[in-house]
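Colleague: Pasting in a structure now, in structure tokens, and then I'll have a few things to ask.
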Amino acid sequence: MQSLVIVAHGSHLNPDASTPTYDHADTVREAGVFDEVRTAFWKEEPSFREALRTVQAEEVYVVPLFISEGYFTEQVIPRELRLDDWDEEAWDSDGTSATHATLEATDVGKTVHYCGPVGTHDAMSDVIVRRAETVTGDPDVGERSDSPNSRASRTESDGEVGLAVVGHGTERNENSAKAIEYHADRIADRDRFEEVRALFMDEDPEVDDVTDFFESDDIVVVPLFVADGYHTQEDIPEDMGLTDDYRTGWETPAEVDGHDVWYAGAVGTEALMAEVILERAAEAGADVGDAVETVRRRTRVAGTDAGTGAGAGTGD
Amino acid sequence: MTDVNDRQVDALVAAADDGVDCDGLRVRRGEDGYRFETPDGAETGLEESALRSVAAENPWFVSNWYCWREVDRPEVETAFLRWLESADDRSVPDRYEALADGVEASWGELAVEVALGGDGRRTYAVRHEEDADRPVGELEVYADPLSARELVTYDDRGRYRPLKTAPTLQTGWALLDLDGRSLVRAVDVVYPATVTNWHLERQGELDVSHWRETMERQTGIYGVIRTWDRGEGYEHVNWVAEACCDDSQCLKRREWEYDDDTDLDVDGGDGAFPCREPCSLVVAAARQWTKLEGEQPQTYEFELTPSEKEQVEAIIDTVADGEAGEIREADVYEGANRYRARFLRAKRFDEEGRLGGVSTDD
């Protein structure tokens with residue numbers, strides 16, 4: 001018997017904060033490879049403190065739905081799960097390379113395979129690209145229009161599309177920026193998008209000046225956040241000049257300084273995130289069969305919800 | 001009524017080799033044949049055919065045993081499901097007569113109804129206790145326990161519920177025809193981990209983390225809370241518990257205290273399920289109070305009429321009890337009425353919103 005527990009931040013104020021966690025848990029549950037799939041939250045219930053006791057299996061895979069390694073993944077979660085033998089060396093990570101560590105949760109006596117956060121997994125690069133496809137409604141976004149795979153492109157710019165991966169920045173945690181740059185570099189190496197940039201909310205290069213960093217007419221902006229909330233639905237759209245007032249919403253694409261800016265909501269809401277959760281658990285030893293391929297296939301037809309509605313409330 | 005069927009009797013005969021002992025039914029195979037015993041008496045030396053006959057004459061006992069042994073349940077689930085029908089307190093005949101009409105149990109604001117399904121299995125229905133007597137046709141009916149997730153996110157006013165055990169569960173829905181597993185899952189969605197902690201408590205194994213150790217564990221922006229405990233007593237924690245943990249605010253029964261040696265002076269509540277440590281809402285609020293309570297009291301001088309003083313008290317009471325929205329627009333006899341509050345503000349605040357024109361900082 002193997003169980004999966006997805007741990008996430010949640011919110012006291014924003015009802016949407018936990019939505020992606022539940023959605024991805026449902027997707028993984030439907031894949032049928034875990035006997036139980038549960039969720040737990042820092043700010044909602046069940047809490048990290050009480051989640052493992054509700055799980056039947058003696059062997060539990062814990063995957064943090066967080067973007068980067070740092071305070072939550074290295075201090076809060078191990079402490080609250082009572083992984084008493086945890087220390088920050090257990091992952092042996094350079095800041096983006098954590099895979100997993102196997103420990104005992106001392107209050108319940110269960111074996112916990114504690115995985116690195118989804119945000120630093122290589123497969124996250126695919127999710128960012130998928131997000132760009134979803135928000136533009138173009139499965140070949142960025143591909144040259146003369147390439148044989150290209151379909152009629154909504155972006156209609158001869159395939160010259162820039163991609164901005166946006167993160168919070170280093171305010172509290174340098175690994176936060178590392179994760180953004182890591183994926184931006186990986187995607188740039190694929191030569192699909194004309195330009196790929198890592199931008200930040202509170203440090204240079206700043207997302208406020210997004211159009212300064214791109215030559216391409218079309219710019220797809222993907223925020224590397226787990227859930228939609230204050231940052232992704234209020235701050236960033238206003239800072240980029242998509243709208244003067246987030247409450248009135250914005251066009252997708254929105255014209256800013258002569259560029260078409262395609263703004264995606266939080267990447268964490270992309271259905272393909274479920275695959276990253278499975279990859280994390282599989283690397284830690286979970287038997288996930290062909291669920292990764294199944295999820296990849298199923299989420300591909302997940303439509304073109306651009307997630308541009310005005311967000312509700314703020315996270316905390 | 002419950003008929004005993006061949007499958008149940010076959011299972012009973014097979015189980016008799018190892019012995020059956022369930023809620024007063026005892027069956028075992030001995031050297032001189034089978035023994036079949038209920039609280040009403042025992043029959044011994046039975047051939048298999050006689051055992052089958054006597055089993056058929058005691059359908060409730062047999063079906064009850066079959067129901068509880070049939071599914072390989074975790075102990076916590078069995079304990080909860082048996083508790084719902086008072087299996088440890090009521091005899092099998094007494095229970096089966098009650099189950100024929102449906103047995104009601106309460107868990108927080110949930111009303112759980114247990115009834116007999118086919119083959120002696122239990123079926124469960126769950127809804128808000130306020131909807132217990134409403135016809136099902138008036139309710140939104142769900143079958144998947146996970147669908148309860150959307151029901152617990154908002155209250156009847158459409159406001160987000162950050163605390164699942166707040167007594168603000170929305171009404172107007174029902175989950176019907178659940179088996180035991182699904183029922184426990186649904187309860188766990190509505191009130192996460194409550195069944196598990198209730199069970200641990202019954203086993204004498206609930207791990208309570210008191211206020212002091214919980215706050216000492218905090219780090220980051222919550223690390224400041226430990227400075228609120230200054231070795232000068234625990235009155236501040238009484239206030240926190242009175243503010244946040246009263247039954248009017250949370251249905252868990254608070255089992256945590258100031259520390260191992262020091263109980264709080266306020267009541268922990270009467271909830272069925274325990275609260276084993278200050279929750280994240282208490283921690284977040286305590287952080288704010290730690291900051292606010294660092295201030296020193298000052299003396300301010302205002303003039304209020306006696307009625308105005310009482311009105312201020314009424315406004316605080318009304319907000320604290322969450323009743324501000326219920327005061328009718330024209331009910332100017334209530335101190336917390338909007339027109340009354342606006343009048344008081346017009347009269348007693350200066351242009352900068354200062355009560356009595358008195359500066360806060362002086």
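Chain labels A, B, ... are given in the sequence in which chains occur in the structure tokens; within each chain residues are numbered consecutively from 1, and ligands are likewise numbered from 1 in the order shown.
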Would you tabulate, counting only C-alpha atoms, all residues of chain B that have an atom at most 6 Å from an atom of chain A, showing the closest pair of atoms and their distance in Å to one decimal, sorted by chain then ascending number, as a tab-separated table?
Modeller:
residue	atom	partner	partner_atom	distance
B:Pro162	CA	A:His12	CA	4.9
B:Pro192	CA	A:Pro46	CA	5.2
B:Ser280	CA	A:Lys43	CA	5.8
Colleague: Write down as a list in words the residues of segment 103-184 of chain B whose backbone DSSP state falls under helix (DSSP H, G or I).
Modeller: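 Restricting segment 103-184 of chain B to helix (DSSP H, G or I) produces Gly118, Asp119, Gly120, Glu129, Glu130, Asp131, Val136, Gly137, Glu138, Pro145, Leu146, Ser147, Ala148, Arg149, Glu150, Leu151, Gly180, Arg181, Ser182, Leu183 and Val184 of chain B.
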Colleague: Excluding Ile221 of chain B and any residue of its chain fewer than 6 positions from it, enumerate the residues within 12 Å of it, using only C-alpha atoms, and give them as number ranges by chain.
Modeller: A: 71, 76, 172, 316; B: 215, 283-288, 290-291
Colleague: Write out as number ranges by chain all residues of segment 99-343 of chain B that DSSP puts in strand (DSSP E) for this structure's backbone.
Modeller: B: 103-107, 110-116, 122-128, 140-142, 173-178, 253-254, 274-275
Colleague: Suppose you want the space between atom CA of Ala57 of chain A and atom CA of Arg38 of chain A; what is it in Å?
Modeller: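 Answer for the atom CA of Ala57 of chain A to atom CA of Arg38 of chain A separation: 11.5 Å.
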Colleague: As a ChimeraX atom specification, please: the residues near Gly41 of chain B (cut-off 12 Å, only C-alpha atoms, same-chain neighbours under 5 positions excluded).
Modeller: /B:24-27,35-36,54,58
